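Structure data (TSV, C-alpha atoms) from run_30.tsv:
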chain	number	residue	atom	x	y	z
A	26	MET	CA	-80.15	-15.62	105.20
A	27	LEU	CA	-82.89	-15.81	102.60
A	28	ILE	CA	-85.43	-12.95	102.67
A	29	ILE	CA	-88.63	-13.81	100.81
A	30	ASN	CA	-92.06	-12.46	99.88
A	31	GLY	CA	-91.48	-8.72	99.67
A	32	THR	CA	-91.46	-5.85	97.21
A	33	VAL	CA	-87.76	-5.55	96.40
A	34	HIS	CA	-86.47	-2.06	95.63
A	35	THR	CA	-83.06	-2.92	94.19
A	36	MET	CA	-82.28	0.79	93.51
A	37	ASP	CA	-80.25	-0.27	90.49
A	38	GLY	CA	-83.17	0.24	88.11
A	39	LEU	CA	-85.45	-2.64	89.07
A	40	THR	CA	-88.39	-3.01	91.44
A	41	ILE	CA	-89.65	-6.57	91.91
A	42	PRO	CA	-93.28	-6.72	93.15
A	43	ASN	CA	-92.84	-10.11	94.87
A	44	GLY	CA	-89.24	-11.06	95.23
A	45	TYR	CA	-86.42	-12.38	97.37
A	46	VAL	CA	-82.92	-11.36	98.47
A	47	ALA	CA	-80.34	-14.01	99.33
A	48	VAL	CA	-77.44	-13.15	101.65
A	49	SER	CA	-74.20	-15.09	101.85
A	50	GLY	CA	-71.85	-14.04	104.63
A	51	ASP	CA	-71.73	-10.27	104.63
A	52	LYS	CA	-72.65	-9.83	100.96
A	53	ILE	CA	-75.76	-9.89	98.81
A	54	ALA	CA	-75.68	-13.10	96.77
A	55	LYS	CA	-78.85	-13.17	94.67
A	56	VAL	CA	-81.90	-11.02	94.00
A	57	GLY	CA	-84.94	-11.96	91.94
A	58	PRO	CA	-88.66	-12.74	91.72
A	59	MET	CA	-90.14	-15.42	93.99
A	60	GLU	CA	-90.64	-17.84	91.11
A	61	GLU	CA	-86.82	-17.93	90.81
A	62	CYS	CA	-86.19	-18.21	94.55
A	63	PRO	CA	-83.75	-20.99	95.52
A	64	ASP	CA	-85.45	-24.06	97.00
A	65	HIS	CA	-82.68	-24.50	99.54
A	66	TRP	CA	-80.44	-21.87	101.10
A	67	GLU	CA	-78.06	-22.32	104.00
A	68	GLY	CA	-79.10	-20.33	107.02
A	69	GLU	CA	-82.26	-18.60	108.16
A	70	THR	CA	-85.28	-17.85	105.98
A	71	LEU	CA	-87.01	-14.58	106.80
A	72	ASP	CA	-90.52	-13.87	105.50
A	73	ALA	CA	-91.01	-10.17	104.69
A	74	ARG	CA	-94.80	-10.81	104.69
A	75	GLN	CA	-95.43	-8.58	101.67
A	76	GLY	CA	-93.44	-5.75	103.15
A	77	HIS	CA	-90.74	-3.83	101.31
A	78	ILE	CA	-87.08	-4.88	101.03
A	79	LEU	CA	-84.51	-2.24	100.17
A	80	PRO	CA	-80.89	-1.25	100.74
A	81	GLY	CA	-79.95	0.41	104.00
A	82	PHE	CA	-80.52	4.15	104.10
A	83	ILE	CA	-77.53	6.45	103.64
A	84	ASP	CA	-77.34	9.91	105.19
A	85	ALA	CA	-75.20	11.89	102.75
A	86	HIS	CA	-74.30	14.65	105.21
A	87	CYS	CA	-74.47	14.71	108.98
A	88	HIS	CA	-72.37	15.13	112.09
A	89	LEU	CA	-73.28	11.86	113.80
A	90	GLY	CA	-70.86	11.10	116.62
A	91	MET	CA	-69.28	14.55	116.36
A	92	PHE	CA	-71.74	16.36	118.63
A	93	GLY	CA	-72.52	14.06	121.56
A	94	ASP	CA	-76.18	13.69	122.40
A	95	ALA	CA	-77.17	15.51	125.60
A	96	LEU	CA	-73.55	15.81	126.78
A	97	GLY	CA	-72.79	19.50	126.21
A	98	PHE	CA	-69.40	21.01	125.44
A	99	GLU	CA	-67.34	17.99	126.52
A	100	ALA	CA	-68.75	16.01	123.59
A	101	ASP	CA	-68.89	18.94	121.15
A	102	ASP	CA	-66.14	18.00	118.71
A	103	GLY	CA	-67.60	19.22	115.42
A	104	ASN	CA	-66.01	22.65	114.98
A	105	GLU	CA	-62.43	23.70	115.63
A	106	ALA	CA	-63.45	27.36	115.54
A	107	THR	CA	-59.98	28.69	116.34
A	108	ASP	CA	-58.48	28.62	112.85
A	109	PRO	CA	-60.33	29.25	109.57
A	110	CYS	CA	-58.24	26.66	107.70
A	111	THR	CA	-58.18	23.15	109.20
A	112	PRO	CA	-58.05	20.60	106.34
A	113	HIS	CA	-55.88	18.25	108.40
A	114	LEU	CA	-58.69	17.52	110.89
A	115	ARG	CA	-60.14	14.02	110.45
A	116	ALA	CA	-63.65	12.96	111.39
A	117	ILE	CA	-62.44	9.55	112.53
A	118	ASP	CA	-60.49	11.23	115.36
A	119	ALA	CA	-63.69	12.74	116.79
A	120	VAL	CA	-66.49	10.23	116.12
A	121	ASN	CA	-67.84	8.54	119.24
A	122	PRO	CA	-69.47	5.28	118.06
A	123	LEU	CA	-71.04	4.75	121.49
A	124	ASP	CA	-73.17	7.89	121.20
A	125	ARG	CA	-76.75	6.64	121.57
A	126	CYS	CA	-77.75	8.31	118.29
A	127	PHE	CA	-75.95	5.53	116.41
A	128	GLU	CA	-78.45	3.07	117.88
A	129	GLU	CA	-81.32	5.35	116.88
A	130	ALA	CA	-79.89	5.48	113.35
A	131	ARG	CA	-79.68	1.69	113.12
A	132	GLN	CA	-83.20	1.18	114.45
A	133	ALA	CA	-84.49	3.55	111.74
A	134	GLY	CA	-82.66	1.71	108.95
A	135	VAL	CA	-79.83	4.23	108.49
A	136	THR	CA	-76.88	1.92	107.93
A	137	THR	CA	-74.25	4.29	106.48
A	138	VAL	CA	-73.55	7.97	107.10
A	139	LEU	CA	-71.13	10.59	105.87
A	140	THR	CA	-70.08	12.43	108.98
A	141	GLY	CA	-67.52	15.07	109.77
A	142	PRO	CA	-66.76	18.59	110.95
A	143	GLY	CA	-69.26	21.43	110.83
A	144	SER	CA	-69.22	24.66	108.89
A	145	ALA	CA	-67.48	27.10	111.21
A	146	ASN	CA	-64.37	27.23	109.02
A	147	PRO	CA	-63.97	28.00	105.31
A	148	ILE	CA	-61.85	24.83	105.14
A	149	SER	CA	-63.23	22.59	107.85
A	150	GLY	CA	-61.67	19.14	107.54
A	151	GLN	CA	-62.16	15.59	106.33
A	152	PHE	CA	-65.47	13.71	106.24
A	153	ALA	CA	-65.67	9.94	106.57
A	154	ALA	CA	-68.19	7.41	105.29
A	155	ILE	CA	-68.90	4.93	108.09
A	156	LYS	CA	-71.36	2.20	108.98
A	157	THR	CA	-73.60	2.86	111.95
A	158	THR	CA	-72.69	-0.31	113.85
A	159	GLY	CA	-69.47	-0.90	115.76
A	160	LYS	CA	-67.64	-0.01	118.95
A	161	TRP	CA	-64.59	1.68	117.42
A	162	VAL	CA	-64.64	3.82	114.34
A	163	ASP	CA	-61.73	2.12	112.58
A	164	ALA	CA	-63.85	-1.01	112.09
A	165	MET	CA	-66.80	1.05	110.82
A	166	VAL	CA	-65.04	2.95	108.03
A	167	VAL	CA	-66.27	2.50	104.48
A	168	GLN	CA	-64.05	5.29	103.17
A	169	ALA	CA	-61.92	7.85	104.98
A	170	PRO	CA	-61.43	10.49	103.93
A	171	ALA	CA	-64.57	10.56	101.82
A	172	ALA	CA	-64.61	14.32	101.21
A	173	MET	CA	-63.05	17.62	102.24
A	174	LYS	CA	-65.58	19.93	103.87
A	175	LEU	CA	-65.54	23.60	102.83
A	176	ALA	CA	-68.00	26.27	103.96
A	177	LEU	CA	-69.27	29.51	102.46
A	178	GLY	CA	-71.79	32.08	103.54
A	179	GLU	CA	-73.21	32.98	106.90
A	180	ASN	CA	-71.60	30.42	109.20
A	181	PRO	CA	-67.91	31.34	108.82
A	182	LYS	CA	-68.87	35.03	108.79
A	183	CYS	CA	-70.72	34.78	112.10
A	184	VAL	CA	-68.13	32.62	113.86
A	185	TYR	CA	-65.18	34.86	113.05
A	186	ASN	CA	-67.08	38.13	113.38
A	187	GLU	CA	-67.66	37.21	117.02
A	188	ARG	CA	-63.91	36.70	117.38
A	189	HIS	CA	-63.11	39.93	115.46
A	190	GLU	CA	-60.93	37.94	113.08
A	191	THR	CA	-60.86	37.09	109.37
A	192	PRO	CA	-63.14	36.16	107.64
A	193	VAL	CA	-66.09	38.45	108.29
A	194	THR	CA	-67.11	38.78	104.62
A	195	ARG	CA	-67.88	36.36	101.81
A	196	MET	CA	-64.90	37.81	99.96
A	197	ALA	CA	-62.51	36.85	102.75
A	198	THR	CA	-63.98	33.37	103.05
A	199	ALA	CA	-63.42	32.72	99.35
A	200	ALA	CA	-59.94	34.28	99.54
A	201	ILE	CA	-58.88	31.96	102.37
A	202	ILE	CA	-60.00	28.94	100.37
A	203	ARG	CA	-58.22	30.14	97.23
A	204	GLU	CA	-55.01	31.02	99.08
A	205	ASN	CA	-54.70	27.59	100.67
A	206	LEU	CA	-55.58	25.71	97.51
A	207	ALA	CA	-52.91	27.69	95.66
A	208	LYS	CA	-50.39	26.89	98.40
A	209	ALA	CA	-51.26	23.22	98.11
A	210	LEU	CA	-50.63	23.31	94.36
A	211	GLU	CA	-47.25	24.96	94.92
A	212	TYR	CA	-46.42	22.47	97.70
A	213	GLY	CA	-47.25	19.57	95.41
A	214	GLU	CA	-45.12	20.96	92.60
A	215	LYS	CA	-42.13	21.30	94.95
A	216	LEU	CA	-42.59	17.72	96.12
A	217	GLU	CA	-42.67	16.51	92.52
A	218	ARG	CA	-39.53	18.46	91.59
A	219	ALA	CA	-37.70	17.08	94.62
A	220	ALA	CA	-38.75	13.54	93.70
A	221	GLU	CA	-37.42	14.00	90.17
A	222	ASP	CA	-34.22	15.93	91.01
A	223	GLU	CA	-31.99	15.06	93.97
A	224	GLU	CA	-30.62	18.61	94.01
A	225	GLU	CA	-34.08	20.04	94.68
A	226	ASP	CA	-34.94	20.44	98.37
A	227	LYS	CA	-38.22	19.00	99.61
A	228	PRO	CA	-40.49	21.59	101.22
A	229	ASP	CA	-40.89	21.42	104.98
A	230	TYR	CA	-43.71	19.10	105.98
A	231	ASP	CA	-47.05	20.93	106.23
A	232	ALA	CA	-49.99	18.88	107.55
A	233	LYS	CA	-52.58	21.27	106.11
A	234	LEU	CA	-51.11	21.27	102.61
A	235	GLU	CA	-50.59	17.49	102.69
A	236	ALA	CA	-54.31	17.13	103.44
A	237	LEU	CA	-55.19	19.42	100.52
A	238	LEU	CA	-53.03	17.60	97.95
A	239	PRO	CA	-55.68	14.99	97.03
A	240	VAL	CA	-58.19	17.83	96.76
A	241	VAL	CA	-56.23	19.89	94.22
A	242	ARG	CA	-55.31	16.70	92.36
A	243	GLY	CA	-59.01	15.99	91.87
A	244	GLU	CA	-58.81	12.76	93.86
A	245	LEU	CA	-60.88	13.83	96.88
A	246	PRO	CA	-64.20	15.65	96.37
A	247	VAL	CA	-65.05	18.85	98.16
A	248	HIS	CA	-68.41	19.04	99.93
A	249	ILE	CA	-69.14	22.75	100.05
A	250	HIS	CA	-71.62	24.12	102.57
A	251	ALA	CA	-73.62	26.72	100.61
A	252	HIS	CA	-77.18	27.92	101.11
A	253	ARG	CA	-77.65	31.06	99.03
A	254	ALA	CA	-77.59	31.00	95.24
A	255	ASP	CA	-74.62	33.37	95.15
A	256	ASP	CA	-72.66	31.11	97.51
A	257	ILE	CA	-73.47	28.13	95.27
A	258	ALA	CA	-72.09	30.12	92.33
A	259	THR	CA	-68.94	30.94	94.30
A	260	ALA	CA	-68.49	27.27	95.16
A	261	ILE	CA	-68.69	26.33	91.49
A	262	ARG	CA	-66.43	29.24	90.46
A	263	ILE	CA	-63.65	28.19	92.86
A	264	SER	CA	-64.05	24.54	91.92
A	265	LYS	CA	-63.63	25.36	88.24
A	266	GLU	CA	-60.56	27.50	88.96
A	267	PHE	CA	-58.79	24.65	90.74
A	268	GLY	CA	-60.33	21.62	89.00
A	269	LEU	CA	-62.10	20.40	92.15
A	270	LYS	CA	-64.74	17.65	92.30
A	271	CYS	CA	-67.56	19.74	93.73
A	272	VAL	CA	-70.65	18.71	95.68
A	273	ILE	CA	-73.03	21.33	97.06
A	274	VAL	CA	-74.23	20.64	100.60
A	275	HIS	CA	-77.60	22.06	101.76
A	276	GLY	CA	-78.21	24.13	98.63
A	277	THR	CA	-81.22	25.90	100.15
A	278	GLU	CA	-81.54	28.13	97.06
A	279	ALA	CA	-80.33	25.50	94.58
A	280	HIS	CA	-83.87	25.25	93.19
A	281	LEU	CA	-83.55	28.89	92.06
A	282	THR	CA	-80.56	28.15	89.80
A	283	PRO	CA	-80.76	24.48	88.77
A	284	GLU	CA	-79.52	25.30	85.27
A	285	LEU	CA	-76.06	26.17	86.61
A	286	LEU	CA	-75.83	22.89	88.51
A	287	VAL	CA	-76.90	20.88	85.47
A	288	GLN	CA	-74.50	22.78	83.22
A	289	GLU	CA	-71.54	22.09	85.52
A	290	GLY	CA	-72.61	18.55	86.49
A	291	VAL	CA	-72.60	19.38	90.19
A	292	PRO	CA	-74.66	17.18	92.56
A	293	VAL	CA	-76.55	18.55	95.55
A	294	ILE	CA	-77.09	17.12	99.02
A	295	THR	CA	-80.28	18.88	100.15
A	296	GLY	CA	-81.53	19.41	103.67
A	297	PRO	CA	-82.29	19.57	106.43
A	298	CYS	CA	-85.90	20.30	105.53
A	299	LEU	CA	-87.48	19.92	108.98
A	300	GLY	CA	-86.87	23.18	110.79
A	301	ASP	CA	-87.56	26.87	110.82
A	302	ARG	CA	-85.89	29.60	108.80
A	303	SER	CA	-83.53	30.27	111.65
A	304	LYS	CA	-81.16	32.58	109.78
A	305	PRO	CA	-81.29	34.95	106.80
A	306	GLU	CA	-79.76	32.59	104.24
A	307	LEU	CA	-82.60	30.12	104.85
A	308	ALA	CA	-85.26	32.62	103.78
A	309	ASN	CA	-86.06	30.67	100.60
A	310	MET	CA	-86.13	27.22	102.17
A	311	THR	CA	-88.82	24.97	100.68
A	312	ILE	CA	-89.63	21.26	100.69
A	313	GLU	CA	-90.08	21.54	96.92
A	314	SER	CA	-86.35	21.98	96.30
A	315	PRO	CA	-85.42	18.25	95.92
A	316	ALA	CA	-88.26	17.78	93.40
A	317	VAL	CA	-87.16	20.78	91.33
A	318	LEU	CA	-83.54	19.61	91.29
A	319	ALA	CA	-84.42	16.03	90.36
A	320	LEU	CA	-86.76	17.17	87.58
A	321	HIS	CA	-83.93	19.26	86.11
A	322	GLY	CA	-81.60	16.26	86.15
A	323	VAL	CA	-79.42	17.27	89.11
A	324	LYS	CA	-78.03	14.30	91.03
A	325	THR	CA	-79.81	14.81	94.36
A	326	ALA	CA	-79.37	13.30	97.81
A	327	ILE	CA	-81.29	14.12	100.99
A	328	CYS	CA	-79.63	14.56	104.39
A	329	THR	CA	-80.62	15.22	107.99
A	330	ASP	CA	-77.56	17.29	108.94
A	331	HIS	CA	-77.83	15.49	112.30
A	332	PRO	CA	-78.18	16.81	114.96
A	333	GLU	CA	-80.06	19.62	113.17
A	334	VAL	CA	-82.64	16.95	112.36
A	335	PRO	CA	-82.17	13.69	114.30
A	336	VAL	CA	-80.67	11.05	112.03
A	337	GLN	CA	-83.53	8.60	112.59
A	338	HIS	CA	-85.82	10.94	110.63
A	339	LEU	CA	-83.96	10.52	107.31
A	340	ALA	CA	-86.87	8.62	105.71
A	341	LEU	CA	-89.23	11.31	107.02
A	342	CYS	CA	-87.12	13.93	105.23
A	343	ALA	CA	-87.50	11.89	102.02
A	344	ALA	CA	-91.25	11.76	102.63
A	345	MET	CA	-91.28	15.56	102.97
A	346	ALA	CA	-89.62	15.76	99.55
A	347	VAL	CA	-92.40	13.60	98.11
A	348	LYS	CA	-94.94	15.96	99.67
A	349	GLY	CA	-93.05	18.72	97.86
A	350	GLY	CA	-93.51	17.00	94.50
A	351	MET	CA	-90.67	14.49	94.29
A	352	ASN	CA	-91.37	11.08	92.78
A	353	PRO	CA	-91.36	8.45	95.60
A	354	GLU	CA	-88.76	6.28	93.86
A	355	ALA	CA	-86.58	9.35	93.27
A	356	ALA	CA	-86.89	10.15	96.98
A	357	LEU	CA	-85.81	6.60	97.82
A	358	ALA	CA	-82.84	7.00	95.48
A	359	ALA	CA	-81.96	10.22	97.32
A	360	ILE	CA	-81.37	8.24	100.54
A	361	THR	CA	-79.82	5.12	98.98
A	362	ILE	CA	-78.04	4.93	95.65
A	363	ASN	CA	-77.58	8.67	95.00
A	364	PRO	CA	-75.63	9.41	98.21
A	365	ALA	CA	-73.57	6.27	97.59
A	366	GLN	CA	-72.67	7.47	94.10
A	367	ILE	CA	-71.97	11.02	95.26
A	368	ALA	CA	-69.66	9.66	97.98
A	369	GLY	CA	-67.96	7.21	95.63
A	370	ILE	CA	-68.93	4.21	97.76
A	371	ASP	CA	-71.57	2.72	95.43
A	372	ASN	CA	-69.30	-0.28	94.84
A	373	ARG	CA	-70.26	-1.38	98.36
A	374	VAL	CA	-73.58	0.18	99.36
A	375	GLY	CA	-76.67	1.93	98.01
A	376	SER	CA	-78.41	-0.87	96.11
A	377	LEU	CA	-79.38	-4.52	96.43
A	378	THR	CA	-76.83	-5.66	93.88
A	379	PRO	CA	-75.08	-9.04	94.20
A	380	GLY	CA	-71.59	-8.54	95.57
A	381	LYS	CA	-72.42	-5.45	97.60
A	382	ASP	CA	-72.57	-5.29	101.40
A	383	ALA	CA	-75.67	-6.95	102.83
A	384	ASP	CA	-77.06	-3.76	104.37
A	385	ILE	CA	-80.80	-4.38	104.11
A	386	VAL	CA	-83.95	-2.80	105.51
A	387	ILE	CA	-87.39	-4.42	105.61
A	388	THR	CA	-90.38	-2.13	106.16
A	389	SER	CA	-94.03	-2.98	106.77
A	390	GLY	CA	-95.18	-0.76	103.89
A	391	HIS	CA	-93.62	1.56	101.34
A	392	PRO	CA	-90.66	3.14	103.17
A	393	ILE	CA	-91.78	6.67	102.29
A	394	ASN	CA	-95.23	6.06	103.82
A	395	LEU	CA	-95.26	7.68	107.26
A	396	PHE	CA	-97.30	4.80	108.65
A	397	SER	CA	-94.68	2.21	107.64
A	398	ARG	CA	-92.44	0.73	110.30
A	399	VAL	CA	-88.88	-0.52	110.01
A	400	GLN	CA	-89.20	-4.17	110.95
A	401	THR	CA	-85.76	-5.63	110.26
A	402	VAL	CA	-82.30	-4.17	109.68
A	403	LEU	CA	-79.19	-6.03	108.53
A	404	ILE	CA	-75.74	-4.47	108.37
A	405	GLY	CA	-73.05	-6.55	106.75
A	406	GLY	CA	-75.36	-9.55	106.86
A	407	GLN	CA	-75.79	-9.29	110.63
A	408	ARG	CA	-79.26	-8.77	111.99
A	409	ILE	CA	-79.33	-5.50	113.94
A	410	LYS	CA	-83.06	-5.25	114.44
A	411	GLY	CA	-86.06	-7.57	114.09
Write out the structure in this file as structure tokens.
Amino acid sequence: MLIINGTVHTMDGLTIPNGYVAVSGDKIAKVGPMEECPDHWEGETLDARQGHILPGFIDAHCHLGMFGDALGFEADDGNEATDPCTPHLRAIDAVNPLDRCFEEARQAGVTTVLTGPGSANPISGQFAAIKTTGKWVDAMVVQAPAAMKLALGENPKCVYNERHETPVTRMATAAIIRENLAKALEYGEKLERAAEDEEEDKPDYDAKLEALLPVVRGELPVHIHAHRADDIATAIRISKEFGLKCVIVHGTEAHLTPELLVQEGVPVITGPCLGDRSKPELANMTIESPAVLALHGVKTAICTDHPEVPVQHLALCAAMAVKGGMNPEAALAAITINPAQIAGIDNRVGSLTPGKDADIVITSGHPINLFSRVQTVLIGGQRIKG
């Protein structure tokens, strides 16, 4: 396919006022201004009619496919709230690709999501980065696992207080995380000694500690649910203690302490921004937070936290950030290249760079303009809409 006559937001540092994007198979082949457009290209030519051409949107944090739409408990697979430490749980074993919200995501231009377990447990399980088209999750995976989900603050406290079990304080939540990370380090050391010395016995297999090994080795990032500033500080403190690759998720009060995030080089996935202050730790929620973080140099992505905000409203959440003072191109980056980089999947998605997956969205106007419509969506070079 050859897409012509549109404003091309490459999201790799270049915006072309009147340009083209050439697709070969499932990859982006060429990008450039119309005066350099190939005269002949095998396949269909699609006229963007002065609309905007950009990479598919990426929701950096949601629970798409984990909480079935309008199906109640039977499809509620996002929280194993029976054990505060469940790192061995994998999103790909719960995602239902036939949930109708995947279609709503595609129609809105959301082509990739990071989805996984919720925040009931201090150590919740493994997130996956998946495309939003497909009938079985194995064929949709971009990267799995993509992150280990941890949670601090009010959610674990409330869940286990109702059960009259640990943890019911922030201290206990942090202690559970530390204890299991320390066990994983010890488990890894025993495995290494056994591999080097035949006389050393291997430790008994432990699914939880096996899942935590890439975390403590710094190979798998931790996405830490934290709203309050003190919880953000705890997340960074624990990450420094164990050498973890830390990403703050939600970060409702991150705008109050951006200096700490900049100092430690910790990115933030903000959101959801469309909702009420439904619990105490959301008291300082503001749509200005993404703008403040970006201005301070914090790598910032915007999420829906679907189903908290329906996934099809990701671009609307970016528009809310612009209303709060964020530069429109920075807001676009927060739903394209930034989440791709934070997730470590920017070699495939997040920008219109030759060689990357042909996940492309065409909008009637600037994608952050609320009056713009998503006209065409391609995922892997296949037309999904338009």
Mind dumping a table of every region 100-156 of chain A residue within 12 Å of region 395-403 of chain A, with the nearest atom pair and its distance in Å to one decimal, using only C-alpha atoms, sorted by chain and rising number, as a tab-separated table?
residue	atom	partner	partner_atom	distance
A:Glu128	CA	A:Val402	CA	11.6
A:Glu129	CA	A:Val399	CA	11.8
A:Ala130	CA	A:Val402	CA	10.6
A:Arg131	CA	A:Val402	CA	7.3
A:Gln132	CA	A:Val402	CA	7.2
A:Ala133	CA	A:Val399	CA	6.2
A:Gly134	CA	A:Val402	CA	5.9
A:Val135	CA	A:Val402	CA	8.8
A:Thr136	CA	A:Leu403	CA	8.3
A:Thr137	CA	A:Leu403	CA	11.6
A:Lys156	CA	A:Leu403	CA	11.4
Atoms kept (C-alpha atoms) for selection, written as a PDB file, in the frame of the given file:
ATOM      1  CA  GLU A 128     -78.450   3.070 117.880  1.00  0.00           C
ATOM      2  CA  GLU A 129     -81.320   5.350 116.880  1.00  0.00           C
ATOM      3  CA  ALA A 130     -79.890   5.480 113.350  1.00  0.00           C
ATOM      4  CA  ARG A 131     -79.680   1.690 113.120  1.00  0.00           C
ATOM      5  CA  GLN A 132     -83.200   1.180 114.450  1.00  0.00           C
ATOM      6  CA  ALA A 133     -84.490   3.550 111.740  1.00  0.00           C
ATOM      7  CA  GLY A 134     -82.660   1.710 108.950  1.00  0.00           C
ATOM      8  CA  VAL A 135     -79.830   4.230 108.490  1.00  0.00           C
ATOM      9  CA  THR A 136     -76.880   1.920 107.930  1.00  0.00           C
ATOM     10  CA  THR A 137     -74.250   4.290 106.480  1.00  0.00           C
ATOM     11  CA  LYS A 156     -71.360   2.200 108.980  1.00  0.00           C
TER      12      LYS A 156
END
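Among the candidates A:Ile294, A:Asp118, A:Trp66, A:Thr259, the residue lying nearest to His86 (chain A) is A:Ile294 (atoms considered: all atoms listed in the file).
Our summary of the geometry notes that CA of Asn180 (chain A) is positioned 25.2 Å from CA of Leu238 (chain A).
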Anything within 12 Å of (-73.7, 23.9, 87.7): list those residues as a PyMOL selection string, counting only C-alpha atoms and sticking to the file's coordinates. chain A and resi 254+257-262+264-265+270-273+276+279-293+318+321-324
Show me as a list in words the residues that reach within 8 Å of (-92.6, -2.7, 103.4), counting only C-alpha atoms and using the file's own coordinates.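 Here the neighbourhood of the point contains Gly31, Thr32, Ala73, Gln75, Gly76, His77, Ile78, Ile387, Thr388, Ser389, Gly390, His391, Pro392, Ser397, Arg398 and Val399 of chain A.
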Two-atom distance - CA of Phe152 (chain A), CA of Ala176 (chain A) (Å): 13.0 Å
Would you mind reading off the distance between CA of Ala153 (chain A) and CA of Gly369 (chain A), one decimal, in Å?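 Distance reported for this atom pair: 11.5 Å.
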I'd like a table as a Markdown table: residues in region 242-313 of chain A with an atom no more than 9 Å from region 340-352 of chain A, each row giving the shortest atom pair and its distance in Å to one decimal, all atoms listed in the file counted, sorted by chain and rising residue number.
| residue | atom | partner | partner_atom | distance |
| --- | --- | --- | --- | --- |
| A:Gly296 | CA | A:Cys342 | CA | 8.0 |
| A:Pro297 | CA | A:Cys342 | CA | 7.5 |
| A:Cys298 | CA | A:Cys342 | CA | 6.5 |
| A:Leu299 | CA | A:Cys342 | CA | 7.1 |
| A:Thr311 | CA | A:Gly349 | CA | 8.1 |
| A:Ile312 | CA | A:Gly349 | CA | 5.1 |
| A:Glu313 | CA | A:Gly349 | CA | 4.2 |
Pick from A:Thr378, A:Asn309, A:Ser149, A:Thr295: nearest to Leu339 (chain A), with only C-alpha atoms counted?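 Nearest candidate to Leu339 (chain A) out of A:Thr378, A:Asn309, A:Ser149, A:Thr295: A:Thr295.
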Using all atoms listed in the file, which residue out of A:Thr325, A:Thr361, A:Gln366, A:Asn394 lies closest to His34 (chain A)?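 Counting all atoms listed in the file, the residue closest to His34 (chain A) is A:Thr361.
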Which residue of A:Asn104, A:Asn363, A:Thr111, A:Gln337 approaches Met36 (chain A) most closely, using only C-alpha atoms: A:Asn363
Within 12 Å of region 191-208 of chain A: each region 154-177 of chain A residue with its shortest pair, all atoms listed in the file, as a Markdown table:
| residue | atom | partner | partner_atom | distance |
| --- | --- | --- | --- | --- |
| A:Met173 | CA | A:Ile202 | CA | 11.9 |
| A:Lys174 | CA | A:Ile202 | CA | 11.2 |
| A:Leu175 | CA | A:Ile202 | CA | 8.1 |
| A:Ala176 | CA | A:Thr198 | CA | 8.2 |
| A:Leu177 | CA | A:Thr198 | CA | 6.6 |
What's around Gly68 (chain A) at 10 Å? Count all atoms listed in the file, leave out sequence neighbours fewer than 4 positions away in its own chain, and write the answer as a PyMOL selection string. chain A and resi 26-27+48-50
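Among A:Ala95, A:Asp84, A:Ala47, A:Asn30, the residue with the shortest atom-to-atom distance to Lys381 (chain A), counting only C-alpha atoms, is A:Ala47.
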Under the rule of at most 6 Å, produce a per-residue listing of region 54-117 of chain A near region 140-144 of chain A: chain, number, name, the closest pair of atoms, and the distance in Å, as a tab-separated table, using all atoms listed in the file.
residue	atom	partner	partner_atom	distance
A:Cys87	CA	A:Thr140	CA	4.9
A:His88	CA	A:Thr140	CA	4.7
A:Leu89	CA	A:Thr140	CA	5.8
A:Gly103	CA	A:Pro142	CA	4.6
A:Asn104	CA	A:Gly143	CA	5.4
A:Ala116	CA	A:Gly141	CA	4.7
From the list A:Val274, A:Ile362, A:Ile404, A:Cys328, which residue is nearest Asp382 (chain A) when using only C-alpha atoms? A:Ile404
Need the shell around region 164-167 of chain A: protein/DNA/RNA residues with any atom at most 7 Å away, counting only C-alpha atoms. Skip same-chain ones fewer than 3 positions apart. Format as a PyMOL selection string? chain A and resi 154-156+158-159+161
Can you tell me, as number ranges by chain, what residues are no more than 10 Å from Cys62 (chain A) when counting all atoms listed in the file, ignoring any on the same chain fewer than 6 positions away? A: 27-30, 44-47, 55-56
Kindly output region 175-179 of chain A as a CSV table (one decimal), in the frame of the given file, after building N, CA, C and O atoms.
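Writing done, so here's rebuild01.csv:
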chain,number,residue,atom,x,y,z
A,175,LEU,N,-65.8,22.2,102.9
A,175,LEU,CA,-65.5,23.6,102.8
A,175,LEU,C,-66.9,24.3,103.2
A,175,LEU,O,-67.9,23.7,103.2
A,176,ALA,N,-66.8,25.6,103.6
A,176,ALA,CA,-68.0,26.3,104.0
A,176,ALA,C,-68.0,27.7,103.5
A,176,ALA,O,-67.0,28.4,103.6
A,177,LEU,N,-69.1,28.1,102.9
A,177,LEU,CA,-69.3,29.5,102.5
A,177,LEU,C,-70.5,30.1,103.2
A,177,LEU,O,-71.3,29.4,103.8
A,178,GLY,N,-70.6,31.4,103.1
A,178,GLY,CA,-71.8,32.1,103.5
A,178,GLY,C,-71.8,32.5,105.0
A,178,GLY,O,-70.7,32.8,105.6
A,179,GLU,N,-72.9,32.4,105.6
A,179,GLU,CA,-73.2,33.0,106.9
A,179,GLU,C,-72.4,32.4,108.1
A,179,GLU,O,-72.0,33.1,109.0
